[in-house]
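Coordinates from data-v4.pdb are shown below (PDB, C-alpha atoms).
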ATOM      1  CA  MET A   1     -11.499 -13.786  31.820
ATOM      2  CA  ILE A   2     -10.383 -10.483  33.339
ATOM      3  CA  ARG A   3     -10.577  -9.307  36.921
ATOM      4  CA  ILE A   4     -12.280  -6.053  37.815
ATOM      5  CA  SER A   5     -13.749  -4.490  40.926
ATOM      6  CA  ILE A   6     -17.072  -2.728  41.192
ATOM      7  CA  ARG A   7     -18.782  -0.420  43.657
ATOM      8  CA  LEU A   8     -22.447   0.423  43.496
ATOM      9  CA  PHE A   9     -23.249   3.676  45.253
ATOM     10  CA  ALA A  10     -26.241   4.986  47.180
ATOM     11  CA  THR A  11     -29.477   3.124  46.461
ATOM     12  CA  LEU A  12     -27.755   0.775  43.972
ATOM     13  CA  GLN A  13     -25.749  -0.884  46.755
ATOM     14  CA  ARG A  14     -28.565  -3.345  47.357
ATOM     15  CA  TYR A  15     -27.972  -5.014  43.977
ATOM     16  CA  LEU A  16     -24.563  -6.337  44.954
ATOM     17  CA  ARG A  17     -24.537  -9.307  47.302
ATOM     18  CA  PRO A  18     -22.725  -9.466  49.602
ATOM     19  CA  PRO A  19     -22.583  -5.705  50.138
ATOM     20  CA  ALA A  20     -19.455  -4.161  48.691
ATOM     21  CA  PRO A  21     -16.705  -3.556  51.207
ATOM     22  CA  GLY A  22     -14.713  -0.361  50.994
ATOM     23  CA  GLU A  23     -12.465  -1.520  48.175
ATOM     24  CA  GLY A  24     -15.299  -2.774  46.001
ATOM     25  CA  THR A  25     -16.347  -6.282  45.068
ATOM     26  CA  ALA A  26     -13.865  -8.286  42.985
ATOM     27  CA  LEU A  27     -15.373 -10.033  39.977
ATOM     28  CA  GLU A  28     -14.149 -12.069  37.000
ATOM     29  CA  VAL A  29     -15.836 -11.255  33.702
ATOM     30  CA  PRO A  30     -15.259 -12.406  30.105
ATOM     31  CA  GLU A  31     -12.984 -10.264  27.971
ATOM     32  CA  GLY A  32     -15.003  -7.811  25.925
ATOM     33  CA  THR A  33     -17.582  -7.248  28.659
ATOM     34  CA  THR A  34     -18.999  -3.731  28.660
ATOM     35  CA  VAL A  35     -20.230  -1.776  31.659
ATOM     36  CA  ASP A  36     -23.731  -2.256  30.304
ATOM     37  CA  GLY A  37     -23.232  -6.028  30.093
ATOM     38  CA  LEU A  38     -21.740  -6.196  33.577
ATOM     39  CA  LEU A  39     -24.665  -4.324  35.106
ATOM     40  CA  ARG A  40     -27.173  -6.538  33.302
ATOM     41  CA  THR A  41     -25.380  -9.617  34.659
ATOM     42  CA  LEU A  42     -25.589  -8.209  38.177
ATOM     43  CA  GLY A  43     -29.291  -7.486  37.777
ATOM     44  CA  VAL A  44     -28.911  -3.744  38.232
ATOM     45  CA  PRO A  45     -31.928  -1.960  36.699
ATOM     46  CA  LEU A  46     -30.316   0.137  33.975
ATOM     47  CA  GLU A  47     -32.973   2.825  34.282
ATOM     48  CA  GLN A  48     -31.636   3.481  37.781
ATOM     49  CA  VAL A  49     -28.073   4.085  36.523
ATOM     50  CA  LYS A  50     -27.122   7.728  36.074
ATOM     51  CA  ILE A  51     -23.329   7.980  36.253
ATOM     52  CA  VAL A  52     -20.588   5.430  35.521
ATOM     53  CA  MET A  53     -16.972   5.936  36.432
ATOM     54  CA  VAL A  54     -14.033   3.695  35.610
ATOM     55  CA  ASN A  55     -10.789   4.210  37.501
ATOM     56  CA  GLY A  56     -12.132   7.469  38.864
ATOM     57  CA  ILE A  57     -13.029   8.937  35.481
ATOM     58  CA  HIS A  58     -16.442   9.383  33.880
ATOM     59  CA  ALA A  59     -17.193   6.526  31.427
ATOM     60  CA  GLU A  60     -19.989   5.476  29.118
ATOM     61  CA  MET A  61     -22.120   2.326  29.378
ATOM     62  CA  GLU A  62     -20.461   1.034  26.193
ATOM     63  CA  TYR A  63     -16.992   1.128  27.769
ATOM     64  CA  VAL A  64     -15.210  -2.239  27.331
ATOM     65  CA  LEU A  65     -13.715  -3.354  30.623
ATOM     66  CA  ARG A  66     -10.008  -4.043  31.002
ATOM     67  CA  GLU A  67      -8.002  -6.018  33.542
ATOM     68  CA  ALA A  68      -7.947  -4.361  37.004
ATOM     69  CA  ASP A  69     -10.542  -1.702  36.131
ATOM     70  CA  ARG A  70     -12.334  -0.146  39.084
ATOM     71  CA  VAL A  71     -15.959   0.534  38.223
ATOM     72  CA  GLY A  72     -18.259   2.858  40.173
ATOM     73  CA  VAL A  73     -21.959   3.194  39.362
ATOM     74  CA  PHE A  74     -24.314   5.882  40.657
ATOM     75  CA  PRO A  75     -28.081   6.347  40.549
ATOM     76  CA  PRO A  76     -29.635   9.796  40.229
ATOM     77  CA  VAL A  77     -29.270  11.409  43.647
ATOM     78  CA  ALA A  78     -31.785  14.119  44.394
ATOM     79  CA  GLY A  79     -32.037  14.449  48.167
ATOM     80  CA  GLY A  80     -31.096  17.565  50.007
TER      81      GLY A  80
ATOM     82  CA  MET B   1     -16.647  44.896  61.548
ATOM     83  CA  ASN B   2     -16.350  43.064  64.840
ATOM     84  CA  THR B   3     -12.837  41.651  64.627
ATOM     85  CA  GLU B   4     -13.253  39.612  67.829
ATOM     86  CA  ARG B   5     -16.133  37.680  66.213
ATOM     87  CA  TYR B   6     -13.880  36.735  63.314
ATOM     88  CA  SER B   7     -10.615  36.422  65.237
ATOM     89  CA  ARG B   8     -10.247  32.705  64.485
ATOM     90  CA  ASN B   9     -10.715  33.484  60.802
ATOM     91  CA  LEU B  10      -8.235  36.338  60.951
ATOM     92  CA  ILE B  11      -5.412  34.188  62.346
ATOM     93  CA  LEU B  12      -5.855  31.548  59.646
ATOM     94  CA  PRO B  13      -2.904  31.240  57.244
ATOM     95  CA  GLY B  14      -3.705  33.259  54.138
ATOM     96  CA  TRP B  15      -6.718  34.964  55.756
ATOM     97  CA  GLY B  16      -6.191  38.644  56.557
ATOM     98  CA  GLN B  17      -8.406  41.608  57.337
ATOM     99  CA  GLU B  18      -8.930  42.155  53.618
ATOM    100  CA  THR B  19     -10.099  38.530  53.262
ATOM    101  CA  GLN B  20     -12.721  39.077  55.934
ATOM    102  CA  GLU B  21     -13.766  42.343  54.302
ATOM    103  CA  ARG B  22     -14.040  40.604  50.935
ATOM    104  CA  LEU B  23     -16.382  38.086  52.567
ATOM    105  CA  ALA B  24     -18.404  40.885  54.161
ATOM    106  CA  ASP B  25     -18.806  42.458  50.718
ATOM    107  CA  SER B  26     -19.891  39.175  49.128
ATOM    108  CA  THR B  27     -23.261  37.514  48.674
ATOM    109  CA  ALA B  28     -24.495  33.920  48.562
ATOM    110  CA  LEU B  29     -27.903  32.477  47.699
ATOM    111  CA  VAL B  30     -28.916  29.206  49.351
ATOM    112  CA  VAL B  31     -31.637  27.386  47.445
ATOM    113  CA  GLY B  32     -33.382  25.119  49.927
ATOM    114  CA  ALA B  33     -33.094  25.357  53.708
ATOM    115  CA  GLY B  34     -33.381  21.665  54.541
ATOM    116  CA  GLY B  35     -30.804  18.998  55.336
ATOM    117  CA  LEU B  36     -28.034  20.504  53.222
ATOM    118  CA  GLY B  37     -29.187  24.077  53.655
ATOM    119  CA  SER B  38     -29.019  23.900  57.456
ATOM    120  CA  PRO B  39     -25.239  23.507  57.782
ATOM    121  CA  VAL B  40     -24.638  25.653  54.697
ATOM    122  CA  LEU B  41     -26.554  28.547  56.239
ATOM    123  CA  TYR B  42     -24.990  28.170  59.670
ATOM    124  CA  TYR B  43     -21.446  28.214  58.302
ATOM    125  CA  LEU B  44     -21.975  30.995  55.778
ATOM    126  CA  ALA B  45     -23.574  33.183  58.458
ATOM    127  CA  ALA B  46     -20.936  32.353  61.042
ATOM    128  CA  ALA B  47     -18.086  33.032  58.608
ATOM    129  CA  GLY B  48     -19.431  36.514  57.888
ATOM    130  CA  VAL B  49     -20.755  36.376  54.318
ATOM    131  CA  GLY B  50     -22.207  39.869  54.033
ATOM    132  CA  ARG B  51     -25.545  39.035  52.466
ATOM    133  CA  ILE B  52     -27.211  35.633  52.407
ATOM    134  CA  GLY B  53     -30.396  34.856  50.515
ATOM    135  CA  ILE B  54     -32.604  31.914  51.460
ATOM    136  CA  VAL B  55     -35.007  30.438  48.913
ATOM    137  CA  GLU B  56     -37.432  28.287  50.878
ATOM    138  CA  GLY B  57     -41.193  28.041  50.697
ATOM    139  CA  ASP B  58     -41.922  25.037  52.922
ATOM    140  CA  ARG B  59     -43.003  24.730  56.529
ATOM    141  CA  VAL B  60     -41.158  22.744  59.187
ATOM    142  CA  ASP B  61     -42.412  19.169  59.474
ATOM    143  CA  GLN B  62     -41.628  16.884  62.391
ATOM    144  CA  SER B  63     -39.915  14.465  59.984
ATOM    145  CA  ASN B  64     -37.411  17.216  59.073
ATOM    146  CA  LEU B  65     -35.904  17.447  62.534
ATOM    147  CA  GLN B  66     -33.793  14.278  62.275
ATOM    148  CA  ARG B  67     -31.400  16.088  59.910
ATOM    149  CA  GLN B  68     -32.464  19.711  59.396
ATOM    150  CA  VAL B  69     -30.592  21.111  62.358
ATOM    151  CA  LEU B  70     -31.671  24.709  61.800
ATOM    152  CA  TYR B  71     -35.060  23.928  63.292
ATOM    153  CA  THR B  72     -36.467  23.025  66.672
ATOM    154  CA  THR B  73     -39.563  21.148  67.776
ATOM    155  CA  GLY B  74     -41.215  24.494  68.438
ATOM    156  CA  ASP B  75     -40.855  25.402  64.753
ATOM    157  CA  ILE B  76     -43.113  22.556  63.574
ATOM    158  CA  GLY B  77     -45.822  23.955  61.316
ATOM    159  CA  HIS B  78     -44.096  27.320  60.944
ATOM    160  CA  PRO B  79     -42.443  28.593  57.737
ATOM    161  CA  LYS B  80     -38.878  27.329  57.485
ATOM    162  CA  GLY B  81     -37.611  30.584  56.084
ATOM    163  CA  GLN B  82     -38.820  32.623  59.043
ATOM    164  CA  ALA B  83     -37.290  30.198  61.543
ATOM    165  CA  ALA B  84     -34.037  30.241  59.576
ATOM    166  CA  LEU B  85     -33.997  34.040  59.595
ATOM    167  CA  GLU B  86     -34.413  34.127  63.367
ATOM    168  CA  ARG B  87     -31.784  31.460  64.036
ATOM    169  CA  LEU B  88     -29.185  32.965  61.711
ATOM    170  CA  GLY B  89     -29.888  36.501  62.823
ATOM    171  CA  ALA B  90     -29.235  35.407  66.391
ATOM    172  CA  LEU B  91     -26.002  33.739  65.310
ATOM    173  CA  ASN B  92     -24.681  36.738  63.416
ATOM    174  CA  PRO B  93     -26.586  40.037  63.581
ATOM    175  CA  GLU B  94     -23.853  41.771  61.553
ATOM    176  CA  ILE B  95     -24.941  40.270  58.240
ATOM    177  CA  ASP B  96     -27.908  40.857  55.952
ATOM    178  CA  ILE B  97     -30.178  37.836  55.528
ATOM    179  CA  ARG B  98     -32.978  37.918  52.989
ATOM    180  CA  LEU B  99     -35.818  35.500  52.533
ATOM    181  CA  TYR B 100     -37.395  34.423  49.259
ATOM    182  CA  PRO B 101     -40.411  32.454  50.517
ATOM    183  CA  TYR B 102     -41.181  30.473  47.401
ATOM    184  CA  ARG B 103     -39.965  27.570  45.290
ATOM    185  CA  LEU B 104     -37.528  28.405  42.535
ATOM    186  CA  GLY B 105     -39.197  28.128  39.132
ATOM    187  CA  PHE B 106     -38.681  29.211  35.542
ATOM    188  CA  GLY B 107     -40.610  32.406  36.238
ATOM    189  CA  ASN B 108     -38.458  33.630  39.126
ATOM    190  CA  ALA B 109     -35.064  31.891  38.927
ATOM    191  CA  ALA B 110     -33.063  34.435  36.925
ATOM    192  CA  GLU B 111     -34.376  37.375  38.923
ATOM    193  CA  THR B 112     -33.787  35.631  42.263
ATOM    194  CA  ILE B 113     -30.169  34.709  41.625
ATOM    195  CA  ALA B 114     -29.245  37.949  39.824
ATOM    196  CA  ASP B 115     -27.976  39.781  42.905
ATOM    197  CA  TYR B 116     -25.774  36.989  44.259
ATOM    198  CA  ASP B 117     -22.120  36.091  43.737
ATOM    199  CA  ILE B 118     -22.551  32.332  44.226
ATOM    200  CA  ILE B 119     -25.476  29.913  44.422
ATOM    201  CA  LEU B 120     -25.658  26.890  46.720
ATOM    202  CA  ASP B 121     -27.786  23.994  45.538
ATOM    203  CA  CYS B 122     -29.448  22.539  48.628
ATOM    204  CA  THR B 123     -32.625  21.469  46.852
ATOM    205  CA  ASP B 124     -34.367  18.121  47.074
ATOM    206  CA  ASN B 125     -35.158  17.390  43.448
ATOM    207  CA  LEU B 126     -33.530  17.091  40.039
ATOM    208  CA  ALA B 127     -35.899  19.519  38.308
ATOM    209  CA  THR B 128     -34.712  22.457  40.420
ATOM    210  CA  ARG B 129     -31.081  21.434  39.906
ATOM    211  CA  ARG B 130     -31.647  21.341  36.162
ATOM    212  CA  LEU B 131     -33.165  24.813  36.438
ATOM    213  CA  LEU B 132     -30.153  26.016  38.435
ATOM    214  CA  HIS B 133     -27.838  24.613  35.790
ATOM    215  CA  HIS B 134     -29.581  26.438  32.968
ATOM    216  CA  THR B 135     -30.056  29.678  34.891
ATOM    217  CA  CYS B 136     -26.518  29.827  36.272
ATOM    218  CA  ARG B 137     -25.110  29.030  32.863
ATOM    219  CA  LYS B 138     -27.064  31.799  31.179
ATOM    220  CA  THR B 139     -26.237  34.353  33.860
ATOM    221  CA  GLY B 140     -22.616  33.294  34.389
ATOM    222  CA  LYS B 141     -23.053  32.375  38.069
ATOM    223  CA  PRO B 142     -20.961  29.789  39.904
ATOM    224  CA  TRP B 143     -22.865  27.179  41.898
ATOM    225  CA  VAL B 144     -22.048  24.481  44.388
ATOM    226  CA  HIS B 145     -23.996  21.263  43.907
ATOM    227  CA  GLY B 146     -24.658  18.864  46.761
ATOM    228  CA  ALA B 147     -26.969  15.852  46.828
ATOM    229  CA  ILE B 148     -27.644  13.056  49.300
ATOM    230  CA  SER B 149     -29.450   9.721  49.424
ATOM    231  CA  GLU B 150     -29.491   7.238  52.289
ATOM    232  CA  TYR B 151     -25.864   6.928  53.513
ATOM    233  CA  TYR B 152     -24.397   8.550  50.387
ATOM    234  CA  GLY B 153     -23.628  12.121  49.501
ATOM    235  CA  HIS B 154     -21.636  14.038  46.906
ATOM    236  CA  VAL B 155     -20.550  17.582  46.199
ATOM    237  CA  THR B 156     -18.951  19.475  43.322
ATOM    238  CA  THR B 157     -18.560  23.081  42.167
ATOM    239  CA  PHE B 158     -19.491  24.474  38.758
ATOM    240  CA  LEU B 159     -17.842  27.665  37.522
ATOM    241  CA  PRO B 160     -18.931  29.629  34.463
ATOM    242  CA  ASN B 161     -16.502  29.327  31.561
ATOM    243  CA  ARG B 162     -14.224  26.977  33.474
ATOM    244  CA  GLY B 163     -14.479  23.227  33.821
ATOM    245  CA  PRO B 164     -17.395  20.944  33.069
ATOM    246  CA  CYS B 165     -21.049  21.721  33.753
ATOM    247  CA  TRP B 166     -23.954  19.884  35.382
ATOM    248  CA  SER B 167     -24.911  18.402  32.030
ATOM    249  CA  CYS B 168     -21.404  16.947  31.606
ATOM    250  CA  LEU B 169     -21.868  15.074  34.875
ATOM    251  CA  TYR B 170     -25.511  14.204  34.874
ATOM    252  CA  GLU B 171     -26.924  14.799  31.405
ATOM    253  CA  ASP B 172     -30.136  16.690  31.663
ATOM    254  CA  GLY B 173     -32.513  14.976  29.288
ATOM    255  CA  ASP B 174     -33.984  12.600  31.852
ATOM    256  CA  SER B 175     -36.776  14.249  33.802
ATOM    257  CA  ARG B 176     -37.637  11.343  36.100
ATOM    258  CA  GLU B 177     -37.262  12.059  39.787
ATOM    259  CA  PRO B 178     -35.911   9.261  41.992
ATOM    260  CA  GLU B 179     -38.111   8.085  44.846
ATOM    261  CA  THR B 180     -37.756   9.767  48.212
ATOM    262  CA  THR B 181     -35.195   7.882  50.281
ATOM    263  CA  GLY B 182     -34.156   7.853  53.891
ATOM    264  CA  THR B 183     -31.321  10.189  54.843
ATOM    265  CA  PHE B 184     -28.578   9.486  57.341
ATOM    266  CA  GLY B 185     -28.480  12.854  59.105
ATOM    267  CA  PRO B 186     -24.688  13.247  59.282
ATOM    268  CA  VAL B 187     -24.476  12.869  55.479
ATOM    269  CA  ALA B 188     -26.534  16.052  55.123
ATOM    270  CA  GLY B 189     -24.326  17.726  57.712
ATOM    271  CA  LEU B 190     -21.058  16.732  56.101
ATOM    272  CA  ILE B 191     -21.970  17.396  52.473
ATOM    273  CA  GLY B 192     -23.581  20.731  53.382
ATOM    274  CA  THR B 193     -20.523  21.719  55.384
ATOM    275  CA  ILE B 194     -18.273  20.993  52.409
ATOM    276  CA  GLN B 195     -20.594  23.079  50.210
ATOM    277  CA  ALA B 196     -20.255  26.003  52.612
ATOM    278  CA  GLY B 197     -16.478  25.597  52.523
ATOM    279  CA  GLU B 198     -16.483  25.711  48.736
ATOM    280  CA  ALA B 199     -18.547  28.905  48.736
ATOM    281  CA  VAL B 200     -16.354  30.645  51.319
ATOM    282  CA  LYS B 201     -13.225  29.655  49.375
ATOM    283  CA  TYR B 202     -14.723  30.978  46.152
ATOM    284  CA  LEU B 203     -15.788  34.248  47.751
ATOM    285  CA  THR B 204     -12.424  34.825  49.415
ATOM    286  CA  GLY B 205     -10.261  33.442  46.610
ATOM    287  CA  LEU B 206      -8.651  30.890  48.899
ATOM    288  CA  GLY B 207      -7.468  27.419  47.897
ATOM    289  CA  GLU B 208      -8.697  25.084  45.193
ATOM    290  CA  LEU B 209     -12.278  24.299  44.310
ATOM    291  CA  LEU B 210     -14.009  21.035  43.454
ATOM    292  CA  VAL B 211     -14.222  21.951  39.769
ATOM    293  CA  GLY B 212     -14.449  18.869  37.556
ATOM    294  CA  ARG B 213     -14.228  16.711  40.677
ATOM    295  CA  LEU B 214     -17.112  14.924  42.375
ATOM    296  CA  LEU B 215     -16.293  14.338  46.040
ATOM    297  CA  ILE B 216     -18.228  11.371  47.399
ATOM    298  CA  TRP B 217     -18.813  10.241  50.957
ATOM    299  CA  ASP B 218     -20.263   6.831  51.753
ATOM    300  CA  ALA B 219     -20.990   6.830  55.461
ATOM    301  CA  LEU B 220     -21.489   3.062  55.743
ATOM    302  CA  SER B 221     -18.054   2.168  54.415
ATOM    303  CA  ALA B 222     -16.640   5.354  55.993
ATOM    304  CA  ARG B 223     -14.880   6.262  52.746
ATOM    305  CA  PHE B 224     -14.338   9.370  50.711
ATOM    306  CA  ASP B 225     -13.939   8.885  46.965
ATOM    307  CA  GLU B 226     -13.356  11.322  44.174
ATOM    308  CA  MET B 227     -14.453  11.096  40.572
ATOM    309  CA  THR B 228     -12.872  13.294  37.943
ATOM    310  CA  PHE B 229     -15.243  14.383  35.218
ATOM    311  CA  PRO B 230     -13.976  16.411  32.295
ATOM    312  CA  LYS B 231     -16.171  18.294  29.871
ATOM    313  CA  ARG B 232     -18.284  15.695  28.080
ATOM    314  CA  PRO B 233     -17.536  15.781  24.334
ATOM    315  CA  THR B 234     -21.228  15.387  23.575
ATOM    316  CA  CYS B 235     -22.382  18.026  26.096
ATOM    317  CA  PRO B 236     -24.763  20.417  24.348
ATOM    318  CA  HIS B 237     -23.770  23.261  26.668
ATOM    319  CA  CYS B 238     -19.949  23.119  26.677
TER     320      CYS B 238
END
As structure tokens:
Amino acid sequence: MIRISIRLFATLQRYLRPPAPGEGTALEVPEGTTVDGLLRTLGVPLEQVKIVMVNGIHAEMEYVLREADRVGVFPPVAGG
Amino acid sequence: MNTERYSRNLILPGWGQETQERLADSTALVVGAGGLGSPVLYYLAAAGVGRIGIVEGDRVDQSNLQRQVLYTTGDIGHPKGQAALERLGALNPEIDIRLYPYRLGFGNAAETIADYDIILDCTDNLATRRLLHHTCRKTGKPWVHGAISEYYGHVTTFLPNRGPCWSCLYEDGDSREPETTGTFGPVAGLIGTIQAGEAVKYLTGLGELLVGRLLIWDALSARFDEMTFPKRPTCPHC
């Protein structure tokens, strides 16, 4: 298992219980887990995912998570 | 130029008379005069941007007033653009403010933005942002993107021929619009204010811009975050 932290932004926040505190929610996941797999495990509707960042840098859904990664996930944001 | 009006600009470090004159000779187009557009327009007008264009075809609705601070209760039912013109003209009669009372579309986008130095994205939908991306790219215009949802907001600046583009950040193949959400008023105020700051910095040549950087504010956790996004290797536009 590896330890990562995740933050779901904007309207995706509701899929993480309890709500993520400022530093993100700490999770343990099996080695080899991808962002896609992590989000499926959390029950996040993938069609609502628009942007993924890992450690502050844009990443793809196929990215394989590493120990201590910080994951941020964003829906499409259209309001103005 | 009324130097007393701009005296607190003129004593800023790095901001001289020529900086203020550069701003007076510059132009900015604000697409959407709603939650983001309200602070953007106030700060661009107050700073002394010489010509400001407003693209806005809607009327003021009572539900706008919780965040769209350009408008008053007396404006309900009236065209937003006209109310914005009056408010901003009263704030700074020294500048030229022009109204484009329609929605930006494929038929009018290139012509509307042609006469402006920078474009501010204060729209409320992805389709118009996608249109701004394509139009600004083709015409070589910089644009400042802001977007908000619930307690969340983000802002970044796209420059022609430098840094990543909208498609690098968002991809532009997905045409679905997200559902309308609630908006925490101060998120519109803060993100719009940062957008105005980016535009004024670009127009005056001051400081660094949010190029390749997405600045994020989550009001509930009271945190700023920043995401770096380089040019996407698979971007069809870069």
Please write as a compact mmCIF listing (two decimals) with C-alpha atoms, keeping the file's coordinate frame the full residue list that the PyMOL selection byres ((chain B) within 6 of (chain A)) yields on this file.
# COMPACT_ATOMS: atom_id res chain seq x y z
CA GLY B 35 -30.80 19.00 55.34
CA LEU B 36 -28.03 20.50 53.22
CA CYS B 122 -29.45 22.54 48.63
CA THR B 123 -32.62 21.47 46.85
CA ASP B 124 -34.37 18.12 47.07
CA ASN B 125 -35.16 17.39 43.45
CA LEU B 126 -33.53 17.09 40.04
CA ALA B 147 -26.97 15.85 46.83
CA ILE B 148 -27.64 13.06 49.30
CA SER B 149 -29.45 9.72 49.42
CA TYR B 152 -24.40 8.55 50.39
CA SER B 221 -18.05 2.17 54.42
CA MET B 227 -14.45 11.10 40.57
CA THR B 228 -12.87 13.29 37.94
CA PHE B 229 -15.24 14.38 35.22
Hits from the PyMOL selection byres ((chain B and resi 26-29) around 9), listed as a PyMOL selection string: chain B and resi 21-25+30-31+44+49-55+112-113+115-121+199+203-204
Limited to C-alpha atoms, could you put the picked residues into a file as a short mmCIF file (atom, residue, chain, number, x, y, z; two decimals), in the frame of the given file?
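Once written, part34.cif looks like this:
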data_model
loop_
_atom_site.label_atom_id
_atom_site.label_comp_id
_atom_site.auth_asym_id
_atom_site.auth_seq_id
_atom_site.Cartn_x
_atom_site.Cartn_y
_atom_site.Cartn_z
CA GLU B 21 -13.77 42.34 54.30
CA ARG B 22 -14.04 40.60 50.94
CA LEU B 23 -16.38 38.09 52.57
CA ALA B 24 -18.40 40.88 54.16
CA ASP B 25 -18.81 42.46 50.72
CA VAL B 30 -28.92 29.21 49.35
CA VAL B 31 -31.64 27.39 47.44
CA LEU B 44 -21.98 31.00 55.78
CA VAL B 49 -20.76 36.38 54.32
CA GLY B 50 -22.21 39.87 54.03
CA ARG B 51 -25.54 39.03 52.47
CA ILE B 52 -27.21 35.63 52.41
CA GLY B 53 -30.40 34.86 50.52
CA ILE B 54 -32.60 31.91 51.46
CA VAL B 55 -35.01 30.44 48.91
CA THR B 112 -33.79 35.63 42.26
CA ILE B 113 -30.17 34.71 41.62
CA ASP B 115 -27.98 39.78 42.90
CA TYR B 116 -25.77 36.99 44.26
CA ASP B 117 -22.12 36.09 43.74
CA ILE B 118 -22.55 32.33 44.23
CA ILE B 119 -25.48 29.91 44.42
CA LEU B 120 -25.66 26.89 46.72
CA ASP B 121 -27.79 23.99 45.54
CA ALA B 199 -18.55 28.90 48.74
CA LEU B 203 -15.79 34.25 47.75
CA THR B 204 -12.42 34.83 49.42
#
Once the PyMOL selection byres ((chain A and resi 32) around 7) has been evaluated on this model, what residues remain selected, and can you format them as number ranges by chain? A: 30-31, 33-34, 64-65
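Here CA of Leu104 (chain B) and CA of Leu85 (chain B) stand 18.3 Å from one another.
Note that CA of Arg70 (chain A) and CA of Ile6 (chain A) are 5.8 Å apart.
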Of the residues A:Met1, A:Met61, A:Leu42, A:Ala68, which is the one nearest to Arg17 (chain A), using only C-alpha atoms?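 The shortest atom-to-atom distance to Arg17 (chain A) comes from A:Leu42.
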First collect every listed atom of region 58-75 of chain B; then fit an axis-aligned box around them, widen it by 5 Å on each side, and give centre and edge lengths in Å to one decimal, as lines of an AutoDock Vina configuration file.
center_x = -36.8
center_y = 19.8
center_z = 60.7
size_x = 22.4
size_y = 21.1
size_z = 25.5
Can you list, as a list in words, every protein, DNA or RNA residue that comes within 10 Å of Pro101 (chain B) when you count only C-alpha atoms, leaving out same-chain residues fewer than 4 positions away?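 Once the adjacent positions are removed, what remains is Ile54, Val55, Glu56, Gly57, Asp58, Pro79, Lys80, Gly81 and Gln82 of chain B.
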What gap, in Å, lies between CA of Glu60 (chain A) and CA of Arg176 (chain B)?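 Calculated distance between CA of Glu60 (chain A) and CA of Arg176 (chain B) is 19.9 Å.
For Leu91 (chain B), the list of residues within 9 Å, based on all atoms listed in the file and with local chain neighbours fewer than 5 positions off taken out, reads B:Tyr42, B:Ala45, B:Ala46, B:Glu86.
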